[in-house]
Amino acid sequence: MPAQPTANQTLLFEQCVFELLQSSKVRKMDEYIQHGTTTTLTHSLAVAWYSYRLYLFLGLCGEEKQLIRGALLHDFYLYDWHWPDHGRLHGFFHPAIAAKNAAEAFAITDLGAGDYSKAYVAADHFAALPAGCGHCVPGG
């Protein structure tokens, strides 16, 4: 993605993230490892940032706050998925758990819980692209 977000766009992102980080439950995501040594919170912040960047790059507008909130909360399942008692199917079930937690914690009604859990997949995989993989994305 060639252009950096403007100062106003970055401020909007920071405000949305700041609002959610006021919740101790969201900050609790920093206690769980997502992949390797990356916490779920760090991973989700990256997903939110790169989703927002892609959204802006594609020239979309009007649902920035929903995108940022949904991306930041896409892994809001609040448990260590590495523990054996969560089974091997965590990848299939965690989106619904995260959506339920988000709906309960933030009274999310503007998008259905199912929309968050279905929509996050593309952003999650986009944020996982290796560094230097600009040829993998539009305009890269």
# chains A, B, ... in the order shown; residues from 1 in each chain; ligands from 1
>>> residues_around(residues="region 18-24 of chain A", least_positions_apart="5", cutoff="9 Å", atoms="only C-alpha atoms", output="ChimeraX atom specification")
/A:13,29,69,72-73,105-106
>>> select_by_dssp(residues="region 3-109 of chain A", states="helix (DSSP H, G or I)", output="number ranges by chain")
A: 7-21, 24-31, 40-57, 64-72, 84-86, 90-106
>>> closest_residue(among="A:Ile108, A:Ala98, A:Asn8, A:Trp81", to="Thr39 (chain A)", atoms="only C-alpha atoms")
A:Trp81
>>> select_by_dssp(residues="region 11-80 of chain A", states="strand (DSSP E)", output="list of chain:residue names")
A:Ile33, A:Gln34, A:His35, A:Thr38, A:Thr39
>>> closest_residue(among="A:His74, A:Ala7, A:Tyr79, A:Leu12", to="Lys28 (chain A)", atoms="only C-alpha atoms")
A:Tyr79
